[in-house]
file coords-v1.cif (mmCIF, C-alpha atoms and all ligand atoms)
data_run
loop_
_atom_site.label_atom_id
_atom_site.label_comp_id
_atom_site.auth_asym_id
_atom_site.auth_seq_id
_atom_site.Cartn_x
_atom_site.Cartn_y
_atom_site.Cartn_z
CA MET S 17 23.05 -8.43 7.15
CA PHE S 18 19.50 -9.22 6.09
CA ASP S 19 17.42 -6.66 7.98
CA VAL S 20 14.26 -8.63 8.63
CA LYS S 21 13.04 -6.17 11.29
CA LYS S 22 13.04 -3.36 8.76
CA ILE S 23 11.38 -5.56 6.14
CA ARG S 24 8.60 -6.57 8.55
CA ASN S 25 7.69 -2.91 8.97
CA ASP S 26 6.63 -2.93 5.32
CA PHE S 27 3.89 -5.49 6.02
CA PRO S 28 1.05 -3.97 8.06
CA ILE S 29 -0.75 -7.30 8.42
CA LEU S 30 2.15 -8.73 10.42
CA ASN S 31 1.19 -6.43 13.30
CA ARG S 32 -2.25 -7.89 13.76
CA LYS S 33 -3.35 -10.37 16.36
CA VAL S 34 -5.20 -13.61 15.78
CA ASN S 35 -7.03 -15.20 18.68
CA GLY S 36 -5.41 -12.69 20.97
CA ARG S 37 -1.86 -13.61 19.91
CA PRO S 38 0.54 -11.96 17.49
CA LEU S 39 -0.01 -13.44 14.03
CA VAL S 40 2.66 -15.91 12.94
CA TYR S 41 1.99 -16.24 9.24
CA LEU S 42 3.47 -19.46 7.86
CA ASP S 43 1.14 -20.07 4.93
CA ASN S 44 3.21 -18.21 2.37
CA ALA S 45 3.11 -21.00 -0.20
CA ALA S 46 -0.67 -20.52 -0.39
CA THR S 47 -0.43 -16.76 -0.67
CA SER S 48 2.16 -14.24 0.42
CA GLN S 49 1.49 -11.02 2.29
CA THR S 50 1.46 -7.62 0.64
CA PRO S 51 3.90 -4.82 1.51
CA GLN S 52 2.73 -1.24 2.01
CA GLN S 53 4.58 -0.22 -1.16
CA VAL S 54 2.29 -2.47 -3.22
CA ILE S 55 -0.82 -1.51 -1.24
CA ASN S 56 0.01 2.14 -2.00
CA VAL S 57 0.09 1.40 -5.73
CA ILE S 58 -3.37 -0.23 -5.49
CA VAL S 59 -4.77 2.74 -3.55
CA ASP S 60 -3.19 5.17 -6.01
CA TYR S 61 -4.76 3.37 -8.97
CA TYR S 62 -8.30 3.52 -7.58
CA SER S 63 -7.82 7.01 -6.13
CA ASN S 64 -6.30 8.65 -9.18
CA TYR S 65 -6.45 6.91 -12.55
CA ASN S 66 -8.97 4.06 -12.52
CA ALA S 67 -10.03 3.66 -16.17
CA ASN S 68 -10.35 1.04 -18.87
CA ILE S 69 -7.26 0.54 -20.99
CA HIS S 70 -6.14 0.29 -24.62
CA ARG S 71 -9.19 1.99 -26.06
CA GLY S 72 -9.83 5.34 -24.40
CA VAL S 73 -8.48 8.58 -25.81
CA HIS S 74 -8.88 10.33 -22.49
CA ALA S 75 -6.07 11.03 -20.05
CA LEU S 76 -7.02 8.51 -17.38
CA SER S 77 -7.24 5.69 -19.90
CA GLN S 78 -3.85 6.64 -21.32
CA GLU S 79 -2.32 6.75 -17.88
CA ALA S 80 -3.76 3.37 -16.89
CA THR S 81 -2.64 1.83 -20.21
CA ASP S 82 0.89 3.21 -19.81
CA LYS S 83 1.23 1.88 -16.26
CA TYR S 84 -0.22 -1.51 -17.21
CA GLU S 85 2.18 -1.84 -20.14
CA GLN S 86 5.10 -0.58 -18.03
CA ALA S 87 4.33 -3.41 -15.60
CA ARG S 88 4.52 -5.88 -18.49
CA LYS S 89 8.01 -4.50 -19.21
CA LYS S 90 8.97 -5.02 -15.56
CA ILE S 91 7.84 -8.64 -15.81
CA GLN S 92 9.84 -8.97 -19.03
CA GLU S 93 12.98 -7.61 -17.40
CA HIS S 94 12.55 -9.65 -14.24
CA PHE S 95 12.25 -12.99 -16.07
CA ASN S 96 14.61 -11.97 -18.89
CA ILE S 97 11.95 -12.56 -21.52
CA GLY S 98 12.99 -11.75 -25.10
CA LYS S 99 9.85 -9.91 -26.25
CA SER S 100 7.19 -8.24 -24.13
CA HIS S 101 4.42 -9.70 -26.32
CA GLU S 102 5.52 -13.16 -25.16
CA ILE S 103 3.92 -12.23 -21.82
CA VAL S 104 0.19 -12.83 -21.52
CA TYR S 105 -1.50 -11.43 -18.45
CA THR S 106 -3.70 -14.08 -16.88
CA SER S 107 -5.65 -14.37 -13.65
CA GLY S 108 -2.89 -16.65 -12.37
CA THR S 109 -1.21 -19.97 -12.97
CA THR S 110 -4.45 -21.96 -13.24
CA HIS S 111 -5.72 -19.71 -16.01
CA ALA S 112 -2.34 -19.81 -17.77
CA ILE S 113 -2.18 -23.62 -17.79
CA ASN S 114 -5.78 -23.93 -18.99
CA LEU S 115 -5.01 -21.52 -21.81
CA VAL S 116 -2.13 -23.69 -23.04
CA ALA S 117 -3.99 -26.98 -22.54
CA ASN S 118 -6.96 -25.63 -24.47
CA GLY S 119 -4.67 -24.54 -27.30
CA PHE S 120 -2.91 -27.87 -27.55
CA SER S 121 -6.18 -29.72 -28.05
CA SER S 122 -6.14 -28.32 -31.59
CA PHE S 123 -3.02 -30.23 -32.56
CA LEU S 124 -2.74 -33.30 -30.36
CA LYS S 125 -4.12 -36.52 -31.72
CA GLN S 126 -4.97 -40.00 -30.54
CA GLY S 127 -1.88 -41.88 -29.41
CA ASP S 128 0.27 -38.80 -28.77
CA GLU S 129 1.83 -38.78 -25.32
CA ILE S 130 2.09 -36.04 -22.73
CA LEU S 131 4.14 -36.33 -19.53
CA VAL S 132 3.31 -34.96 -16.11
CA SER S 133 5.41 -35.18 -12.96
CA ALA S 134 4.17 -37.12 -9.94
CA MET S 135 4.36 -34.02 -7.74
CA GLU S 136 2.03 -31.58 -9.43
CA HIS S 137 -0.58 -29.22 -8.09
CA HIS S 138 -4.05 -30.18 -9.35
CA SER S 139 -3.99 -27.16 -11.64
CA ASN S 140 -1.15 -28.78 -13.58
CA ILE S 141 -2.94 -32.15 -13.78
CA VAL S 142 -6.64 -31.61 -14.34
CA PRO S 143 -6.49 -29.35 -17.44
CA TRP S 144 -4.25 -31.95 -19.11
CA GLN S 145 -6.56 -34.80 -18.15
CA MET S 146 -9.40 -32.85 -19.73
CA LEU S 147 -7.22 -32.36 -22.81
CA ALA S 148 -6.36 -36.08 -22.90
CA GLU S 149 -10.05 -36.98 -22.76
CA ARG S 150 -10.87 -34.62 -25.61
CA THR S 151 -8.03 -35.74 -27.88
CA GLY S 152 -7.29 -39.38 -27.00
CA THR S 153 -3.80 -38.35 -25.90
CA ILE S 154 -2.06 -40.59 -23.37
CA LEU S 155 -1.02 -39.01 -20.06
CA LYS S 156 2.06 -40.62 -18.48
CA VAL S 157 3.54 -39.86 -15.07
CA ILE S 158 7.20 -39.20 -14.23
CA PRO S 159 7.63 -41.01 -10.90
CA MET S 160 9.21 -39.60 -7.74
CA SER S 161 11.28 -41.07 -4.92
CA LEU S 162 10.41 -41.15 -1.22
CA ASP S 163 12.67 -38.13 -0.72
CA GLY S 164 10.36 -36.22 -3.01
CA GLU S 165 12.69 -36.02 -6.00
CA LEU S 166 11.78 -36.83 -9.58
CA GLU S 167 13.26 -40.04 -10.96
CA MET S 168 15.18 -38.64 -13.86
CA ASP S 169 16.20 -42.03 -15.32
CA ALA S 170 12.56 -43.01 -15.52
CA TYR S 171 11.83 -39.63 -17.14
CA GLU S 172 14.35 -40.32 -19.88
CA GLN S 173 12.81 -43.71 -20.51
CA LEU S 174 9.34 -42.22 -20.81
CA LEU S 175 10.44 -39.75 -23.46
CA SER S 176 10.03 -40.81 -27.08
CA ASP S 177 9.07 -39.37 -30.44
CA LYS S 178 5.46 -39.81 -29.33
CA THR S 179 5.98 -37.28 -26.51
CA LYS S 180 4.50 -33.94 -27.51
CA LEU S 181 4.48 -32.05 -24.25
CA VAL S 182 6.04 -32.25 -20.77
CA PHE S 183 4.68 -30.25 -17.84
CA CYS S 184 6.17 -30.02 -14.44
CA ASN S 185 6.42 -27.58 -11.59
CA HIS S 186 9.67 -25.74 -10.97
CA VAL S 187 9.05 -26.09 -7.22
CA SER S 188 6.53 -28.41 -5.56
CA ASN S 189 4.00 -26.58 -3.42
CA ALA S 190 3.46 -29.58 -1.14
CA LEU S 191 7.10 -30.60 -0.61
CA GLY S 192 9.25 -27.61 -1.59
CA THR S 193 11.39 -29.71 -3.96
CA ILE S 194 13.22 -27.65 -6.57
CA ASN S 195 13.05 -29.74 -9.72
CA PRO S 196 15.95 -29.96 -12.21
CA ILE S 197 14.01 -28.08 -14.85
CA GLN S 198 16.93 -27.30 -17.12
CA GLU S 199 17.54 -31.01 -17.56
CA ILE S 200 13.81 -31.66 -17.96
CA ILE S 201 13.57 -29.00 -20.68
CA ASP S 202 16.70 -30.07 -22.54
CA LYS S 203 15.77 -33.76 -22.56
CA ALA S 204 12.24 -33.00 -23.78
CA HIS S 205 13.58 -30.82 -26.58
CA GLU S 206 15.84 -33.66 -27.72
CA VAL S 207 12.70 -35.63 -28.69
CA GLY S 208 10.92 -32.56 -30.05
CA ALA S 209 8.48 -32.12 -27.14
CA ALA S 210 7.43 -28.75 -25.79
CA VAL S 211 7.73 -27.97 -22.06
CA LEU S 212 5.47 -26.02 -19.71
CA ILE S 213 6.97 -25.20 -16.34
CA ASP S 214 4.60 -24.16 -13.56
CA GLY S 215 6.62 -21.49 -11.78
CA ALA S 216 3.96 -20.57 -9.18
CA GLN S 217 6.07 -21.74 -6.24
CA ALA S 218 9.48 -20.96 -7.70
CA ALA S 219 8.93 -17.33 -8.63
CA PRO S 220 8.71 -16.13 -5.00
CA HIS S 221 12.17 -17.56 -4.28
CA ILE S 222 14.12 -17.93 -7.53
CA LYS S 223 14.71 -15.32 -10.20
CA SER S 224 14.53 -17.36 -13.39
CA ASP S 225 16.05 -16.40 -16.72
CA LEU S 226 13.47 -17.76 -19.14
CA GLN S 227 15.56 -17.17 -22.26
CA ALA S 228 18.49 -19.08 -20.78
CA LEU S 229 16.18 -21.92 -19.71
CA ASN S 230 14.84 -22.09 -23.27
CA VAL S 231 11.48 -23.11 -21.82
CA ASP S 232 8.41 -23.04 -24.07
CA PHE S 233 5.89 -21.91 -21.43
CA TYR S 234 6.30 -20.65 -17.87
CA THR S 235 3.49 -19.62 -15.49
CA VAL S 236 3.41 -17.36 -12.44
CA SER S 237 0.81 -16.13 -9.92
CA ALA S 238 1.45 -12.64 -8.51
CA HIS S 239 -0.23 -13.36 -5.18
CA LYS S 240 2.56 -15.73 -4.20
CA MET S 241 5.16 -13.01 -4.66
CA CYS S 242 3.89 -10.00 -2.72
CA GLY S 243 1.36 -9.03 -5.38
CA PRO S 244 -2.43 -9.16 -5.40
CA THR S 245 -4.66 -12.15 -6.16
CA GLY S 246 -6.31 -12.60 -9.54
CA VAL S 247 -3.32 -11.74 -11.71
CA GLY S 248 -0.39 -13.66 -13.11
CA MET S 249 1.41 -14.35 -16.31
CA LEU S 250 1.83 -16.90 -18.99
CA TYR S 251 5.15 -16.70 -20.76
CA GLY S 252 5.12 -18.44 -24.13
CA LYS S 253 7.70 -18.44 -26.89
CA GLU S 254 6.48 -16.22 -29.70
CA GLU S 255 6.26 -19.08 -32.19
CA TRP S 256 4.12 -21.10 -29.78
CA LEU S 257 1.80 -18.22 -28.94
CA ASN S 258 1.36 -17.53 -32.64
CA THR S 259 0.50 -21.19 -33.23
CA LEU S 260 -1.98 -21.63 -30.38
CA PRO S 261 -5.57 -20.60 -31.07
CA PRO S 262 -7.18 -17.96 -28.83
CA TYR S 263 -8.57 -19.23 -25.54
CA GLN S 264 -11.46 -16.86 -24.91
CA GLY S 265 -13.29 -14.69 -27.42
CA GLY S 266 -14.44 -11.18 -26.72
CA GLY S 267 -13.37 -7.57 -26.74
CA GLU S 268 -9.66 -6.61 -26.81
CA MET S 269 -8.56 -9.83 -28.55
CA ILE S 270 -9.80 -9.01 -32.06
CA ALA S 271 -8.48 -7.18 -35.08
CA GLU S 272 -11.81 -6.99 -36.95
CA VAL S 273 -15.25 -8.44 -36.33
CA THR S 274 -18.07 -8.98 -38.78
CA PHE S 275 -20.87 -11.52 -38.52
CA GLU S 276 -19.14 -13.51 -41.25
CA LYS S 277 -15.64 -13.63 -39.76
CA THR S 278 -13.42 -12.35 -36.98
CA THR S 279 -9.68 -11.81 -37.20
CA TYR S 280 -7.58 -11.77 -34.09
CA ALA S 281 -5.35 -9.16 -32.57
CA ASP S 282 -1.59 -9.53 -32.48
CA LEU S 283 0.20 -10.97 -29.47
CA PRO S 284 -0.32 -10.70 -26.59
CA HIS S 285 -3.84 -9.27 -27.01
CA LYS S 286 -5.04 -12.35 -28.88
CA PHE S 287 -5.06 -14.07 -25.48
CA GLU S 288 -6.27 -11.14 -23.41
CA ALA S 289 -10.01 -11.02 -24.02
CA GLY S 290 -12.13 -8.64 -21.98
CA THR S 291 -11.20 -6.04 -19.40
CA PRO S 292 -8.22 -7.42 -17.49
CA ASN S 293 -7.20 -6.97 -13.88
CA ILE S 294 -5.61 -3.61 -14.67
CA CYS S 295 -4.81 -2.60 -11.11
CA GLY S 296 -3.57 -6.13 -10.43
CA GLY S 297 -1.15 -6.02 -13.34
CA ILE S 298 0.25 -2.68 -12.23
CA ALA S 299 0.56 -3.94 -8.64
CA PHE S 300 2.29 -7.11 -9.91
CA GLY S 301 4.95 -4.83 -11.41
CA ALA S 302 5.25 -3.00 -8.09
CA ALA S 303 5.65 -6.32 -6.25
CA LEU S 304 8.54 -7.25 -8.54
CA ASP S 305 10.13 -3.85 -7.86
CA TYR S 306 9.75 -4.46 -4.14
CA MET S 307 11.29 -7.92 -4.18
CA ASN S 308 14.11 -6.91 -6.50
CA ALA S 309 15.00 -3.99 -4.24
CA ILE S 310 15.58 -6.49 -1.44
CA GLY S 311 17.30 -8.92 -3.78
CA PHE S 312 16.39 -12.52 -4.55
CA GLU S 313 19.78 -13.87 -3.58
CA SER S 314 19.76 -12.45 -0.08
CA MET S 315 16.10 -13.37 0.38
CA SER S 316 16.65 -16.98 -0.55
CA GLU S 317 19.82 -17.24 1.56
CA TYR S 318 17.85 -15.98 4.54
CA GLU S 319 14.94 -18.33 3.80
CA LYS S 320 17.38 -21.24 3.64
CA GLU S 321 18.61 -20.32 7.13
CA LEU S 322 15.02 -20.35 8.36
CA LEU S 323 14.39 -23.67 6.64
CA ASP S 324 17.45 -25.33 8.16
CA TYR S 325 16.69 -23.96 11.62
CA ALA S 326 13.02 -25.01 11.49
CA THR S 327 13.89 -28.46 10.11
CA GLU S 328 16.37 -29.09 12.91
CA LYS S 329 14.01 -27.87 15.65
CA LEU S 330 10.94 -29.71 14.36
CA LEU S 331 12.84 -32.97 13.98
CA GLU S 332 13.65 -32.82 17.70
CA ILE S 333 9.95 -33.57 18.32
CA GLU S 334 9.52 -37.31 18.70
CA GLY S 335 7.20 -38.90 16.17
CA LEU S 336 7.43 -35.96 13.76
CA LYS S 337 8.12 -36.89 10.15
CA ILE S 338 8.95 -34.48 7.35
CA TYR S 339 7.78 -35.30 3.81
CA GLY S 340 10.03 -34.00 1.08
CA THR S 341 13.68 -34.13 2.00
CA ALA S 342 15.14 -33.24 -1.39
CA LYS S 343 18.64 -31.76 -1.44
CA ASP S 344 17.33 -28.70 -3.25
CA LYS S 345 14.23 -27.28 -1.67
CA THR S 346 12.57 -23.98 -0.88
CA SER S 347 11.45 -22.97 2.60
CA VAL S 348 8.53 -25.39 2.88
CA ILE S 349 8.16 -28.03 5.58
CA SER S 350 5.40 -30.60 5.20
CA PHE S 351 5.07 -32.80 8.26
CA ASN S 352 2.93 -35.11 10.36
CA ILE S 353 3.11 -36.48 13.86
CA ASP S 354 2.47 -40.20 14.36
CA GLY S 355 -1.09 -40.85 15.38
CA ILE S 356 -2.40 -37.29 14.90
CA HIS S 357 -4.49 -35.95 12.03
CA PRO S 358 -2.85 -32.89 10.41
CA TYR S 359 -6.11 -30.94 10.63
CA ASP S 360 -6.12 -31.25 14.43
CA ILE S 361 -2.60 -29.83 14.66
CA GLY S 362 -3.54 -26.97 12.33
CA THR S 363 -6.61 -26.13 14.42
CA ILE S 364 -4.60 -25.89 17.64
CA LEU S 365 -1.90 -23.83 15.92
CA ASP S 366 -4.59 -21.44 14.70
CA LYS S 367 -5.78 -20.95 18.28
CA LEU S 368 -2.20 -19.89 19.03
CA GLY S 369 -2.21 -17.34 16.20
CA ILE S 370 -0.09 -19.52 13.91
CA ALA S 371 -1.30 -19.82 10.31
CA VAL S 372 -0.25 -23.04 8.55
CA ARG S 373 -1.94 -25.04 5.84
CA THR S 374 -3.28 -28.53 6.48
CA GLY S 375 -4.62 -31.08 4.03
CA HIS S 376 -3.56 -32.35 0.64
CA HIS S 377 -2.45 -28.92 -0.64
CA CYS S 378 -4.18 -29.51 -4.00
CA ALA S 379 -1.70 -32.31 -4.62
CA GLN S 380 -3.65 -35.46 -3.76
CA PRO S 381 -1.42 -37.80 -5.81
CA ILE S 382 1.52 -36.89 -3.53
CA MET S 383 -0.53 -37.74 -0.44
CA ASP S 384 -1.60 -41.04 -2.04
CA PHE S 385 2.07 -41.75 -2.80
CA TYR S 386 2.97 -41.38 0.89
CA LYS S 387 -0.32 -43.07 1.93
CA ILE S 388 -1.33 -40.19 4.16
CA PRO S 389 -4.49 -38.06 4.26
CA GLY S 390 -2.49 -34.85 4.20
CA THR S 391 0.22 -32.93 6.02
CA VAL S 392 0.73 -29.82 8.08
CA ARG S 393 2.62 -27.38 5.88
CA ALA S 394 4.62 -24.50 7.26
CA SER S 395 5.99 -22.32 4.47
CA PHE S 396 8.39 -19.51 5.28
CA SER S 397 8.94 -16.22 3.56
CA PHE S 398 11.74 -13.68 3.80
CA TYR S 399 9.71 -11.70 6.37
CA ASN S 400 9.48 -14.59 8.85
CA THR S 401 11.88 -14.86 11.76
CA LYS S 402 13.64 -17.48 13.88
CA GLU S 403 11.48 -16.34 16.80
CA GLU S 404 8.43 -17.31 14.75
CA VAL S 405 9.98 -20.70 14.08
CA ASP S 406 10.36 -21.12 17.86
CA ILE S 407 6.70 -20.22 18.36
CA LEU S 408 5.74 -22.80 15.72
CA VAL S 409 7.84 -25.51 17.34
CA GLU S 410 6.40 -24.75 20.78
CA GLY S 411 2.90 -24.78 19.28
CA VAL S 412 3.45 -28.16 17.64
CA GLN S 413 4.77 -29.56 20.91
CA ARG S 414 1.73 -28.23 22.69
CA ALA S 415 -0.63 -29.68 20.06
CA LYS S 416 1.10 -33.02 20.41
CA SER S 417 0.73 -33.08 24.17
CA MET S 418 -2.96 -32.13 23.90
CA LEU S 419 -3.80 -34.65 21.18
CA LEU S 420 -1.82 -37.74 22.18
N1 LIG T 501 0.82 -24.56 -9.16
C1 LIG T 501 1.40 -24.55 -7.97
C2 LIG T 501 2.68 -25.29 -7.77
C3 LIG T 501 0.78 -23.86 -6.92
O1 LIG T 501 1.35 -23.85 -5.71
C4 LIG T 501 -0.42 -23.16 -7.13
C5 LIG T 501 -1.11 -22.39 -6.03
N2 LIG T 501 -1.26 -23.10 -4.84
C6 LIG T 501 -0.97 -23.20 -8.41
C7 LIG T 501 -0.33 -23.90 -9.39
C8 LIG T 501 -2.25 -22.50 -8.73
O2 LIG T 501 -2.07 -21.14 -8.65
P1 LIG T 501 -3.32 -20.12 -8.70
O3 LIG T 501 -4.30 -20.65 -7.69
O4 LIG T 501 -2.73 -18.82 -8.31
O5 LIG T 501 -3.86 -20.17 -10.07
#

call {"tool": "encode", "arguments": {"input": "coords-v1.cif", "output": "structure tokens"}}
result
Amino acid sequence: MFDVKKIRNDFPILNRKVNGRPLVYLDNAATSQTPQQVINVIVDYYSNYNANIHRGVHALSQEATDKYEQARKKIQEHFNIGKSHEIVYTSGTTHAINLVANGFSSFLKQGDEILVSAMEHHSNIVPWQMLAERTGTILKVIPMSLDGELEMDAYEQLLSDKTKLVFCNHVSNALGTINPIQEIIDKAHEVGAAVLIDGAQAAPHIKSDLQALNVDFYTVSAHKMCGPTGVGMLYGKEEWLNTLPPYQGGGEMIAEVTFEKTTYADLPHKFEAGTPNICGGIAFGAALDYMNAIGFESMSEYEKELLDYATEKLLEIEGLKIYGTAKDKTSVISFNIDGIHPYDIGTILDKLGIAVRTGHHCAQPIMDFYKIPGTVRASFSFYNTKEEVDILVEGVQRAKSMLL
């Protein structure tokens, strides 16, 4: 039995009220809440061993360095990454993707092709467009169906020996679709293209084995998986990370500096310029410990139950349409009601203490595809309950009766 009551006790924020009502937090795809166990680690860091890392001989610096590097090992174990120096701490997925896109501008040339999926977050589109502009590379789009699934036949046809790079999210933040990334990776490798998978939305729900996937790059943001904001990781295969040039210059990323020439540090420090989010990295490790103690399998089974229940209940509301009905999806429901702007529904839900996201969810091309201005997105985590789903459904019904 998945003990959601016990789990909820770990999250102090779930006890608060919003607009006089108990908070119903259904914006987990934007950011997840933080359990006390992770908050304690953050408090402990600033209370007891706050210091800069990797360079101090003093005890606090050693302690902070050890904990920060232990967290890297936890990330390595969690994602089954071959070598810990294949993990670069970043400020999150956006930073990680920009790092790779910047690096690829050194070896892409006019006429090379790069492929993006039709259901990407802006952070997995814009850096590549900037790269394409700089290099004359051609950006092509893997289309999707009305169900919100990628058209894999079209993908195969787009691949050729001109394709240098494919980038795609593991899970769509706007629709919840789980993409067939193993097939995407394998097919790209057949033509010699590298693959970057944006794992920001998958990592909170799916424990991925990055060695088995044989992916070239994988990105994660800690704040979507019970960790703090401003920290995440870029996984890159060692040979790729050795090939890519550094992204930012500064302290920490050098071997030797003179005014004539600088040589760079070994991996992963070559990509970790400046003082990092030390506390964030340590707390990221603690968040992985927390989630693994509950278990990803039982969490995702429970989330699937919530998803199915919420889908059934919401569809009972006349005029409500769900976008993204893929067979494989995470616990995200993007919907609209005929004749009502999503923002108006979100505003009324907020008055009722229910937090959802409204708008284009940083995925405007998806909204253009469906010819809508945006959606209301309810995204469920393992600490949500069926009672909260009922409150959402009642709230949506109420919004509908007020607005129509
Ligand atoms: N990709 C996806 C699929 C996302 O959902 C998000 C966050 N909404 C990002 C990338 C960007 O993540 P971050 O803002 O943490 O860099």

call {"tool": "atom_distance", "arguments": {"input": "coords-v1.cif", "atom1": "atom CA of S:Glu93", "atom2": "atom CA of S:Pro244"}}
result
19.6 Å

call {"tool": "closest_atom_pairs", "arguments": {"input": "coords-v1.cif", "of": "chain S", "to": "ligand LIG 501 (chain T)", "cutoff": "7 Å", "atoms": "only C-alpha atoms and all ligand atoms", "output": "Markdown table"}}
result
| residue | atom | partner | partner_atom | distance |
| --- | --- | --- | --- | --- |
| S:Ala45 | CA | T:LIG501 | O1 | 6.4 |
| S:Ala46 | CA | T:LIG501 | N2 | 5.2 |
| S:Gly108 | CA | T:LIG501 | O5 | 4.3 |
| S:Thr109 | CA | T:LIG501 | O5 | 3.9 |
| S:Thr110 | CA | T:LIG501 | O5 | 3.7 |
| S:His111 | CA | T:LIG501 | O5 | 6.2 |
| S:Glu136 | CA | T:LIG501 | C2 | 6.5 |
| S:His137 | CA | T:LIG501 | N1 | 5.0 |
| S:Ser139 | CA | T:LIG501 | C7 | 5.4 |
| S:Asn140 | CA | T:LIG501 | N1 | 6.4 |
| S:Asn185 | CA | T:LIG501 | C2 | 5.8 |
| S:Val187 | CA | T:LIG501 | C2 | 6.4 |
| S:Ser188 | CA | T:LIG501 | C2 | 5.4 |
| S:Asn189 | CA | T:LIG501 | O1 | 4.4 |
| S:Asp214 | CA | T:LIG501 | N1 | 5.8 |
| S:Gly215 | CA | T:LIG501 | C2 | 6.8 |
| S:Ala216 | CA | T:LIG501 | C1 | 4.9 |
| S:Gln217 | CA | T:LIG501 | C2 | 5.1 |
| S:Ser237 | CA | T:LIG501 | O4 | 4.7 |
| S:His239 | CA | T:LIG501 | O4 | 6.8 |

call {"tool": "axis_aligned_box", "arguments": {"input": "coords-v1.cif", "around": "stretch 350-361 of chain S", "padding_each_side": "6 Å", "output": "AutoDock Vina command-line options"}}
result
--center_x -0.4 --center_y -35.3 --center_z 10.3 --size_x 23.5 --size_y 23.0 --size_z 22.2

call {"tool": "closest_residue", "arguments": {"input": "coords-v1.cif", "among": "S:Leu260, S:Met160, S:Leu323, S:Ala67", "to": "S:Ser122", "atoms": "all atoms listed in the file"}}
result
S:Leu260

call {"tool": "closest_atom_pairs", "arguments": {"input": "coords-v1.cif", "of": "stretch 295-326 of chain S", "to": "stretch 249-258 of chain S", "cutoff": "12 Å", "atoms": "only C-alpha atoms", "output": "tab-separated table"}}
result
residue	atom	partner	partner_atom	distance
S:Gly296	CA	S:Met249	CA	11.3
S:Gly297	CA	S:Met249	CA	9.2
S:Phe300	CA	S:Met249	CA	9.7
S:Gly301	CA	S:Met249	CA	11.3

call {"tool": "closest_residue", "arguments": {"input": "coords-v1.cif", "among": "S:Ala309, S:Ile154, S:Ala299, S:Cys378", "to": "S:His138", "atoms": "only C-alpha atoms"}}
result
S:Cys378

call {"tool": "closest_residue", "arguments": {"input": "coords-v1.cif", "among": "S:Leu229, S:Ala80, S:Val57, S:Ala112", "to": "S:Glu199", "atoms": "all atoms listed in the file"}}
result
S:Leu229

call {"tool": "residues_around", "arguments": {"input": "coords-v1.cif", "residues": "S:Gly127", "least_positions_apart": "4", "cutoff": "12 Å", "atoms": "all atoms listed in the file", "output": "count of residues only"}}
result
12

call {"tool": "residues_around", "arguments": {"input": "coords-v1.cif", "residues": "S:Ile364", "least_positions_apart": "6", "cutoff": "10 Å", "atoms": "all atoms listed in the file", "output": "ChimeraX atom specification"}}
result
/S:370,411-412,414-416,418-419

call {"tool": "write_last_selection", "arguments": {"input": "coords-v1.cif", "atoms": "C-alpha atoms", "output": "compact mmCIF listing (two decimals), keeping the file's coordinate frame"}}
result
# COMPACT_ATOMS: atom_id res chain seq x y z
CA ILE S 370 -0.09 -19.52 13.91
CA GLY S 411 2.90 -24.78 19.28
CA VAL S 412 3.45 -28.16 17.64
CA ARG S 414 1.73 -28.23 22.69
CA ALA S 415 -0.63 -29.68 20.06
CA LYS S 416 1.10 -33.02 20.41
CA MET S 418 -2.96 -32.13 23.90
CA LEU S 419 -3.80 -34.65 21.18

call {"tool": "closest_residue", "arguments": {"input": "coords-v1.cif", "among": "S:Gly98, S:Gly369, S:Pro196, S:Pro261", "to": "S:Lys33", "atoms": "all atoms listed in the file"}}
result
S:Gly369

call {"tool": "residues_around", "arguments": {"input": "coords-v1.cif", "residues": "S:Phe120", "least_positions_apart": "2", "cutoff": "12 Å", "atoms": "all atoms listed in the file", "output": "PyMOL selection string"}}
result
chain S and resi 113-118+122-125+128+130+143-144+146-148+150-151+153+180-181+210-212+256-257+259-263

call {"tool": "atom_distance", "arguments": {"input": "coords-v1.cif", "atom1": "atom CA of S:Glu328", "atom2": "atom CA of S:Thr363"}}
result
23.2 Å

call {"tool": "residues_around", "arguments": {"input": "coords-v1.cif", "residues": "S:Ala228", "least_positions_apart": "2", "cutoff": "10 Å", "atoms": "only C-alpha atoms", "output": "ChimeraX atom specification"}}
result
/S:95-97,198,224-226,230-231

call {"tool": "closest_residue", "arguments": {"input": "coords-v1.cif", "among": "S:Asp19, S:Val157, S:Val409, S:Asn293", "to": "S:Leu365", "atoms": "all atoms listed in the file"}}
result
S:Val409

call {"tool": "closest_residue", "arguments": {"input": "coords-v1.cif", "among": "S:Lys343, S:His74, S:Lys320, S:Arg37", "to": "S:Ser395", "atoms": "all atoms listed in the file"}}
result
S:Lys320

call {"tool": "atom_distance", "arguments": {"input": "coords-v1.cif", "atom1": "atom CA of S:Lys223", "atom2": "atom CA of S:Asn308"}}
result
9.2 Å

call {"tool": "residues_near_point", "arguments": {"input": "coords-v1.cif", "point": "(9.7, -23.6, 2.8)", "cutoff": "9 Å", "atoms": "only C-alpha atoms", "output": "ChimeraX atom specification"}}
result
/S:44-45,189,191-192,319-320,322-323,345-350,393-397

call {"tool": "residues_around", "arguments": {"input": "coords-v1.cif", "residues": "S:Cys242", "least_positions_apart": "2", "cutoff": "9 Å", "atoms": "all atoms listed in the file", "output": "list in words"}}
result
Thr47, Ser48, Gln49, Thr50, Pro51, Val54, Pro220, Ala238, His239, Lys240, Pro244, Phe300, Ala302, Ala303, Leu304, Tyr306 and Met307 of chain S

call {"tool": "residues_near_point", "arguments": {"input": "coords-v1.cif", "point": "(9.4, -30.0, -17.1)", "cutoff": "7 Å", "atoms": "only C-alpha atoms", "output": "list in words"}}
result
Val182, Phe183, Cys184, Asn185, Ile197, Ile200, Ile201, Val211, Leu212 and Ile213 of chain S
